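Okay, so here's the structure we're looking at.
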Amino acid sequence: MADMSLDPIMEKLISAGLRYLKDQIAWQKRTKEDLEKLKEILPQIQAVVHFASSQEQITDQNPALNKWLWQIRDAIDDADDVLDDLEYMELEKQATKNMKLRRVRSIMKYMKKRLVKIIKRALKIDPNLKRLDEAVQKLYRVSTNVASFLYLVKGAKQEHQEQQLELYRARETGALPKNDLIGRLKEKKLVMDWLRNPSNEHQGTDLYRNISLLSIVGHGGMGKTTLSQHVYKDEITKDFDLKMWVCVSNNFDLKKVIADMLECLKKERPRLETLVALQGRLEEEVMSKKFLLVLDDIWEEDEEKDKSKWEDVLAPLSSGGFGSKILVTTRTYSVALMFAKVLKKEEKIVKLEGLEEDECLKLLNSHAFAGVKNPSDDDHKKLRGIAEEIVKKLSRSPLAAKVIGGVLNDHLDDRHWRTVLESNLLDQNSIHSILKLSYIVLPNHLRDCFAFCCMFPEDHKYDKNDLVRMWIALGFIQSSSNQRETMEDIGGRYFDVLVKKALFDKGVDNYMMHDLIHESASRFFAQVSGKLVDDEESSLKIPETLRHLFVRTTNPNILKKIEKFKHLRSLFLFYEHSNQEDICSALIDIFKASRSLRLLYLLPQEYLKIISEEIGNLIHLRYLKIDGYMLITRLPRSLSNLYHLQCIIYDRWDSSRHYVHNFLPSGINSLSNLRYVKLPEDCISSICGIGKLKYLTELKNFVVRDVSGYRIGELENMNDLRILGIFYLENVKDAEEACSAKLCEKRRLTNLTLEGENTDLRNINLYEKVLDNLQPPNCLRDLSIWRYMGARSAIWMNNVNLISNLEKINLTDCSNWETLRPFGQLPFLKSLTLWYMPKVKWLQSKYNGNDKYRC
C-alpha cells in the first residue's frame, strides 16, 4: 500500500477539534481526552505506518498487520472528511455572508436551516460534532493496537532495510541525459538494412505484394520500443511518402488502430464510426504511396479472432505503393508468426536478448552519473566498481539498468550505492523485484503521486499540467516556505523527479509509462489504485481499500460496483453506451454514494446533455472534468455550492448554440478556491464579479464592460494569474480605472494580451494613458497588443528594465503607432511580430536615448 501522512491530518484534527469543542461542554471532556491521547501515541503510529506500509513483503506475510494499516488509514480518511466538512461550513459561511436573499423562498429555507441548527445545539446533538467525536473515537480505538504491531514490525528483522529507506528518502538530485541508443547498434543496423531494401518479395498479383514485414521480438524491458523510435526518427525514413506510428498494447481495438493511423496522417481524429468508413478513408490516404507503419507492442489473446481483426486492419494498406514497410514490436513469436500469415510473408525477426554485461554497465552509468562532468575520474573509481557488481544482478535488462541508474543518481556516495547492491530486492533476480525498488525508495509524497498514476490503463498519455492539478486536488502537494513558489510549481518539480527516475518517458506533447513499469507498479499499488475495464468478474477481485478507480465499460452493472468503495477519492468514468437514462441514473447513484470524492472525470462517449443536480452532494470535490462528445446545455446550479472546487474543465462547445448566460450557474463566483477553469471563452467572460476568484492562474478572455462586476478593477486582487487576456480596452473609462487592475503587482504573470476593438480616433490620448497604466510586472515573457489606437508606445515600454525578460512581442493592427522602440536590444527576445502598422515612421536607436532613424 502507498504510505499515508498522519502528521498534517492529526494536527488539523486536534486543533480543529479543540476549537469546535469550546462551546460544547457536554462533549468536551471525553473527546478532548481522546485527542490528547492520540497526540501522545502519534509517534508510535507514525513509526509503524511509515515503515510497515513501505515494506510490501512485511504486509504480505502479516495479513493482520496489513488489515490494521488499512483500518488506520480508513480512520484517518474519515477524520479528514469530517475536517473537510468543517472547512466547508466556514467557506459556505463566507460565501453567503454578504449575499442578499431576494426571494421569500430563499429566506424561508435559510431560516429553517438556522432554526434546526439552533435547536440541535440546544439539545447537544450537533451532527457535525457527533461525526467529529465518532472519527476521534474510531481513530483512537484502532490506534490502541499500535504497541503490539510495533513489536511485530521490530521483530521482523528489517532494521537494515529501514536504514536503507532513510538513505533513499534524502534529497533528489541529478538529471537524465538524452535517451541515446546504447547496446543495440547491431540490431538497429539489421532494421536499417531492411528499410533500405525496396522489397525482395514481389509476388505478382499477391494482395500485399508492395509491402514487406519485419518483427522485433523480445521480453518486456528489452528496448523494443526504444529501438523502433530511433529507427522511426532516422534520416532514412524521409524516403517514405507517409509515416505512421501506432501503439497497440493489450487493449486491441481494430477501429481504434485504424483511427490512430488516420490521425497520424491527417493530424486530427476522424469522426467516422463504422469499420467500412474507416477502412475506406485509410485506403484513400495510402493509395499508391510508399509508407512506413510501426505497430508497437502487439499482444495476442485469441489467435484466430486476432488474426481476423488484423486482416480487417491491414486490408486497406494493400493499396500502398511499392517499397512500403510494416515494422511490428511484440513480446511473443506467435504474434510475429500471425502477421506473417496475414500478409503471406516469410517470417523476418530481429530478436532482442538481454544486453551484454559491458553494454548494460554503460547504460547504467549513463543514468547513474547523469549531470557529472567527469564520471571516469578517480573520485568515482569506487562507485564504478560497485556499479560493476550491481549490473551482475540486473538480468541484463536495459530497463532495469535505466531505472536502477536513476536510483543510484540520488547520491553519488559509496554507502548509498552499496545499500542498493545489498538490497534483498536485487537478490531476488526478478525484473519486477528490481523495478519494485524504484517505488519503495520514493519519498512519501512522491509515492502518493505515482500510486495515483497507476490507476490509468497501459499506454495512457499523461499531461503534466493536468496531472499536477489532480495531485493538488488530492492533497498530495506539500506547501513550500518559498512564498513565490505556487502549488503548480511544486507539483511540476514532483513530476520532473519522477521523469528523472525513469518512471515516465517523455513523448512529443505528453508522457507515458513504460508498460513493464506500469505492470509492476500497478501490482505494487493494487490496494490503492485499480481499474474496471468491461469485465464484471474483475470487479470482484478489486480490494475495497481502493482510493483511485478508473472505469471503462459498456456494462451498466459495472457502475453499480462503484458504490462498494467507501473511501474512494478519485473516479475516472469512461462510459460507452447509447442509453442516456442509464448513465444519468448511474451518476445520481454515484453522487449519492461516493461522497468522499475529491476528483471526478466524466467521459461518456455518447451525447449527455445534463449533469444531475445531485452532484451537489460531493462537497469534498476539488477537481471536475467533463469530456467526450457531450453537448451539455448547462452546468448544474448546485455546482456553485461546491466551495472546495479548485478546477473545472469543460471545453466542448457547439458553435451553433447560444446559451452562454444560462450555461454557468449564477453563483459560480462564490467558488473562491478555484485555481483553474477551462470553459468556452464566452462563458468565462460572462462571469460577473470574477475578481472574487482571486486564486485563478489563467484568465485568457476577460472582456471589459462599463458595468458593475465586469470593470477592469475586477483584476485587482487576482495576483496568481500567469496568463491574462484583456479585451475591449476602450471600455476602460479613464486612466485611473486602468490603474485599479494593478497588473504590475501580479508577480507570476508571464503571458499578457491587450486588445481593443474601437476605431474611434477622437480618444487617442485616452488610449495612450490607459496603456501607460497597464504596466505589467518585470517577469512578463510574452506580450501581445492588438488594435491599440494610440500614436505612441506605453511609457513602460521605454524602460528596458521593466520589460527585460520579454521573449516574445506581437504588435498587430496598431494602425496609429508612429515610433518603434529598439526591441532587438532586449536580452532574451526570441520573436518579434509586427503586423499592419502603416504609420510607423521612426525607429529608436537605443533605449534611454533620443536618436531616431526614419523608416
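Labels for the C-alpha cells follow display order: chains A, B, ..., residues from 1 in each chain, ligands from 1.
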As JSON, numbers by chain, please: the residues near Leu642 of chain A (cut-off 10 Å, only C-alpha atoms, same-chain neighbours under 5 positions excluded).
{"A": [88, 91, 92, 615, 616, 617, 618, 619, 620, 621, 622, 668, 670, 671, 672, 673]}
- [ ] Find the spatial neighbours of Gln483 of chain A, counting only C-alpha atoms, within a cut-off of 12 Å - ignore same-chain residues fewer than 5 positions away - and output them as a list of chain:residue names.
- [x]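 The neighbour list is A:Asp489, A:Ile490, A:Asp720, A:Arg747, A:Arg748.
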- Quote the spacing between atom CA of Val533 of chain A and atom CA of Leu559 of chain A in Å to one decimal place.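 Answer for the atom CA of Val533 of chain A to atom CA of Leu559 of chain A separation: 10.9 Å.
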* Asked: Using only C-alpha atoms, which of the listed residues (A:Asp85, A:Asp466, A:Glu353, A:Glu134) sits closest to Glu187 of chain A?
  ->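 Selected residue with least distance to Glu187 of chain A: A:Glu353.
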Residues near Leu181 of chain A, cut-off 8 Å, only C-alpha atoms, skip fewer than 4 positions along chain, as a PyMOL selection string: chain A and resi 185+226-227+230
Only all heavy atoms, please: the residues just picked out, written as a tab-separated table (two decimals), in the first residue's frame.
```
chain	number	residue	atom	x	y	z
A	185	LEU	N	23.16	-1.18	-31.40
A	185	LEU	CA	23.58	-0.71	-32.72
A	185	LEU	C	23.53	-1.82	-33.76
A	185	LEU	O	23.19	-1.60	-34.92
A	185	LEU	CB	24.99	-0.11	-32.63
A	185	LEU	CG	25.11	1.12	-31.71
A	185	LEU	CD1	26.54	1.63	-31.71
A	185	LEU	CD2	24.15	2.22	-32.16
A	226	THR	N	12.25	1.50	-27.76
A	226	THR	CA	13.36	2.45	-27.93
A	226	THR	C	14.05	2.26	-29.27
A	226	THR	O	14.33	3.23	-29.98
A	226	THR	CB	14.38	2.28	-26.78
A	226	THR	OG1	13.71	2.51	-25.53
A	226	THR	CG2	15.52	3.27	-26.92
A	227	LEU	N	14.33	1.02	-29.63
A	227	LEU	CA	14.96	0.73	-30.92
A	227	LEU	C	14.08	1.22	-32.06
A	227	LEU	O	14.56	1.87	-33.01
A	227	LEU	CB	15.22	-0.77	-31.04
A	227	LEU	CG	15.73	-1.28	-32.40
A	227	LEU	CD1	17.02	-0.59	-32.79
A	227	LEU	CD2	15.91	-2.80	-32.38
A	230	HIS	N	14.15	5.02	-32.50
A	230	HIS	CA	15.37	5.51	-33.16
A	230	HIS	C	15.33	5.24	-34.66
A	230	HIS	O	15.81	6.06	-35.45
A	230	HIS	CB	16.60	4.87	-32.53
A	230	HIS	CG	17.03	5.52	-31.24
A	230	HIS	ND1	17.92	6.56	-31.20
A	230	HIS	CD2	16.65	5.30	-29.95
A	230	HIS	CE1	18.09	6.95	-29.94
A	230	HIS	NE2	17.33	6.19	-29.16
```
Between A:Cys584, A:Leu624, A:Val248, A:Leu314, smallest distance to Ile610 of chain A by only C-alpha atoms belongs to A:Cys584
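Among the candidate residues A:Leu780, A:Leu364, A:Cys454, A:Leu696, the one lying nearest to Pro398 of chain A is A:Leu364, with distances computed using only C-alpha atoms.
Between atom CA of Ile211 of chain A and atom CA of Trp194 of chain A there is a distance of 11.9 Å.
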For this session: Please report, as an NGL selection string, each residue of segment 309-540 of chain A to which DSSP assigns helix (DSSP H, G or I) when run on this structure's backbone.
Result: :A and (309-319 or 333-343 or 357-368 or 378-391 or 398-408 or 414-421 or 424-427 or 431-440 or 444-453 or 464-473 or 487-500 or 515-524 or 538-540)
Proximity to Ile477 of chain A - best of A:Glu388, A:Asp448, A:Asp706, A:Glu519, only C-alpha atoms
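Among the listed residues, A:Asp448 lies closest to Ile477 of chain A.
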One decimal place gives the atom CA of Met487 of chain A-atom CA of Leu802 of chain A separation as 26.7 Å
